[in-house]
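The next block holds one structure in the form of structure tokens; read it before the comments.
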Amino acid sequence: MSSDNSFSLSVPDLIQEIRRTTTALNGGGPSDGIGGKSEEVSENDRQKLFDASTKLVSALEGPTSTSWKIVQASAWHAALRTAYKMNLFDAIPRGQKPITAEALGSQIGADPTLVARIMRALTCLGVCDEVEDNEYQHNLLSMHLGNPLLRTIFTGMLDVATPVMPSLPDFLSSIDYQNPTERDITSLLAQSSHYSDDHADLVLFVDFGGGRGQILADVRSEQANLKGRMIIQDLQGVLGDWKSPGNVEVMAYDFFNPQPIQGAYFYFFRHIFHDWPDVECRKILLNTIPALVPNKSRIIIVDAVMSRERQPHYSYCALLDMQMMALGGMERSEKQWRQLIESVGLKIMGIDHPPLRGKPGARTNDSIIEVMLTKDE
Ligand SMILES: C[S@@+](CC[C@H](N)C(=O)[O-])C[C@H]1O[C@@H](n2cnc3c(N)ncnc32)[C@H](O)[C@@H]1O
């Protein structure tokens with residue numbers, strides 16, 4: 001987002017700015033849509049229009065409403081978490097079939113007045129449409145939030161990170177507003193509240209903290225002719241007696257111990273480092289370095305690389321960073337990633353911001369950081 005004096009611009013000025021942006025995007029020609037002939041909006045065009053529209057929404061809303069929205073954010077979490085607990089999203093019919101609060105209440109065994117109050121909070125956020133008084137139907141956002149996979153992820157965040165948020169300010173005060181660098185923060189807060197290879201025996205891919213292996217399952221099915229062993233590592237307590245489907249090996253391993261798999265091509269860390277402060281990340285990396293073959297093995301990190309140039313990615317990551325802070329981790333900028341990686345003698349070979357599948361021009365919130373142990377040959 002640009003840092004000009006937009007907040008002094010009037011609504012008509014901002015509308016003019018959006019017109020100018022749209023006209024510029026159309027090469028000065030008639031305004032037949034962003035980016036001219038093509039249906040696709042380039043990332044750059046999308047970003048410009050996003051910035052201009054955000055300023056307009058902000059001006060229309062005004063600082064009073066925006067301030068209240070910020071202060072009341074915890075109520076959104078409570079409404080959403082309650083909706084998940086009540087199975088509200090499943091009870092609302094798919095498609096454009098409205099349902100009343102009464103019908104919802106009898107279906108899920110809840111007081112219709114309470115259902116109406118929860119639905120009021122949600123519809124004010126744009127989650128579901130209220131088509132008549134106390135009558136609701138799904139929309140794109142409610143279908144997204146109700147998607148079973150996302151629901152599991154969001155429930156986890158609402159149950160783990162959200163409850164410790166109120167304790168975060170006191171904790172930060174107790175450490176004299178130093179940037180938290182110890183993982184201990186978790187307990188403190190809890191108290192207060194392409195690769196193809198001919199050699200099938202070689203290890204191609206080690207997925208650190210790989211959970212139940214969705215990533216490797218995807219890699220195996222999308223790249224069927226990949227050879228080499230693929231290994232998921234996670235804590236014994238997480239793996240239990242789970243056996244991975246297909247030809248992926250499962251290994252109990254705590255990444256605060258030396259890495260037992262030597263000389264793999266890829267050591268893959270997805271959503272691992274943002275859970276930990278630098279000091280612990282260094283330990284994980286130092287436990288991995290002895291396993292690396294210089295100039296060959298690669299550490300692949302999939303995590304956010306925060307950039308002000310990319311919205312709404314940046315705003316999303318800024319809030320995610322607060323949640324990670326409450327858990328002892330952090331989201332990092334490119335500079336912070338470079339400092340972390342170089343501090344243990346590794347080198348960043350490249351950072352990629354991959355496109356979002358099925359959304360031309362859009363980028364995922366995750367970037368791919370490729371790291372190596374380099375040695376002069
Ligand atoms: C945020 S999840 C990421 C899971 C997976 N990589 C993904 O992208 O969906 C963090 C993972 O790290 C694992 N983990 C946490 N501490 C660990 C440790 N000390 N050693 C190995 N895995 C650990 C957790 O069990 C969990 O599966």
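A note on labels: chains of the structure tokens are A, B, ... as shown, every chain counts residues from 1, and ligands are counted from 1 in their shown order.
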
Considering only C-alpha atoms and all ligand atoms, give me a table of residues in chain A that are at most 8 Å from ligand 1, with the closest atom pair and distance in Å for each, as CSV.
```
residue,atom,partner,partner_atom_place_in_ligand_line,distance
A:Asp207,CA,ligand 1,6 (N),7.1
A:Phe208,CA,ligand 1,22 (N),6.1
A:Gly209,CA,ligand 1,12 (O),3.7
A:Gly210,CA,ligand 1,6 (N),4.1
A:Gly211,CA,ligand 1,27 (O),3.8
A:Arg212,CA,ligand 1,27 (O),7.5
A:Gly213,CA,ligand 1,5 (C),7.5
A:Gln214,CA,ligand 1,9 (O),7.2
A:Ile215,CA,ligand 1,8 (O),7.2
A:Gln233,CA,ligand 1,21 (C),6.4
A:Asp234,CA,ligand 1,22 (N),4.0
A:Leu235,CA,ligand 1,21 (C),4.7
A:Gly237,CA,ligand 1,25 (O),8.0
A:Val238,CA,ligand 1,25 (O),5.5
A:Ala252,CA,ligand 1,21 (C),7.8
A:Tyr253,CA,ligand 1,21 (C),5.6
A:Asp254,CA,ligand 1,20 (N),3.4
A:Phe255,CA,ligand 1,20 (N),4.1
A:Phe256,CA,ligand 1,19 (N),5.6
A:Phe269,CA,ligand 1,6 (N),6.2
A:Arg270,CA,ligand 1,8 (O),4.2
A:His271,CA,ligand 1,3 (C),4.8
A:Ile272,CA,ligand 1,10 (C),5.2
A:Asp275,CA,ligand 1,1 (C),6.7
A:Val302,CA,ligand 1,8 (O),7.9
```

Restrict the selected residues to C-alpha atoms and save them as a PDB file, in the first residue's frame.
```pdb
ATOM      1  CA  ASP A 207       9.189 -33.356   4.852  1.00  0.00           C
ATOM      2  CA  PHE A 208       9.890 -31.881   8.298  1.00  0.00           C
ATOM      3  CA  GLY A 209       6.899 -31.603  10.585  1.00  0.00           C
ATOM      4  CA  GLY A 210       4.904 -33.019   7.664  1.00  0.00           C
ATOM      5  CA  GLY A 211       1.876 -33.881   9.791  1.00  0.00           C
ATOM      6  CA  ARG A 212      -0.270 -36.443   8.009  1.00  0.00           C
ATOM      7  CA  GLY A 213       1.623 -36.094   4.744  1.00  0.00           C
ATOM      8  CA  GLN A 214      -0.770 -34.209   2.492  1.00  0.00           C
ATOM      9  CA  ILE A 215       2.057 -32.416   0.727  1.00  0.00           C
ATOM     10  CA  GLN A 233       9.017 -36.713   9.773  1.00  0.00           C
ATOM     11  CA  ASP A 234       7.018 -35.488  12.720  1.00  0.00           C
ATOM     12  CA  LEU A 235       6.834 -35.978  16.459  1.00  0.00           C
ATOM     13  CA  GLY A 237       2.943 -38.056  19.493  1.00  0.00           C
ATOM     14  CA  VAL A 238       1.599 -36.551  16.285  1.00  0.00           C
ATOM     15  CA  ALA A 252       9.279 -40.168  14.167  1.00  0.00           C
ATOM     16  CA  TYR A 253      11.799 -37.366  14.569  1.00  0.00           C
ATOM     17  CA  ASP A 254      12.131 -34.286  16.742  1.00  0.00           C
ATOM     18  CA  PHE A 255      13.833 -31.531  14.780  1.00  0.00           C
ATOM     19  CA  PHE A 256      15.630 -30.342  17.883  1.00  0.00           C
ATOM     20  CA  PHE A 269       9.876 -27.132   5.749  1.00  0.00           C
ATOM     21  CA  ARG A 270       6.330 -25.938   5.181  1.00  0.00           C
ATOM     22  CA  HIS A 271       4.833 -23.707   7.824  1.00  0.00           C
ATOM     23  CA  ILE A 272       7.483 -24.730  10.324  1.00  0.00           C
ATOM     24  CA  ASP A 275       6.004 -21.252  14.497  1.00  0.00           C
ATOM     25  CA  VAL A 302       7.460 -22.587   2.372  1.00  0.00           C
TER      26      VAL A 302
END
```

(request) Just list the residues in stretch 86-236 of chain A DSSP gives helix (DSSP H, G or I) on the backbone, as a PyMOL selection string. (result) chain A and resi 86+88-91+101-108+112-124+140-146+148-174+185-191+214-222+236

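Minimum atom-to-atom distances from A:Ser65, A:Ser142, A:Asn134, A:Thr21 to A:Asn44 were compared using only C-alpha atoms, and the lowest value belongs to A:Thr21.
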
Selection near A:Ser297, 8 Å with only C-alpha atoms, sequence-local residues under 5 positions removed, as a compact mmCIF listing (two decimals) with N, CA and C atoms, in the first residue's frame:
```
# COMPACT_ATOMS: atom_id res chain seq x y z
N GLY A 263 22.08 -36.59 3.30
CA GLY A 263 22.26 -36.43 1.85
C GLY A 263 21.02 -36.47 1.00
N ALA A 264 19.85 -36.09 1.58
CA ALA A 264 18.64 -36.03 0.73
C ALA A 264 18.76 -34.84 -0.23
N TYR A 265 17.98 -34.90 -1.32
CA TYR A 265 18.01 -33.77 -2.25
C TYR A 265 17.26 -32.57 -1.68
N PHE A 266 16.07 -32.86 -1.11
CA PHE A 266 15.27 -31.76 -0.60
C PHE A 266 14.90 -31.98 0.87
N TYR A 267 15.16 -30.99 1.66
CA TYR A 267 14.66 -30.97 3.04
C TYR A 267 13.59 -29.88 3.05
N LEU A 292 23.38 -32.10 5.11
CA LEU A 292 23.36 -31.57 3.75
C LEU A 292 24.62 -31.92 2.96
N MET A 372 20.79 -23.30 0.30
CA MET A 372 21.83 -24.32 0.10
C MET A 372 23.02 -24.05 1.00
N LEU A 373 23.77 -25.13 1.20
CA LEU A 373 25.08 -24.99 1.83
C LEU A 373 26.05 -24.96 0.66
```
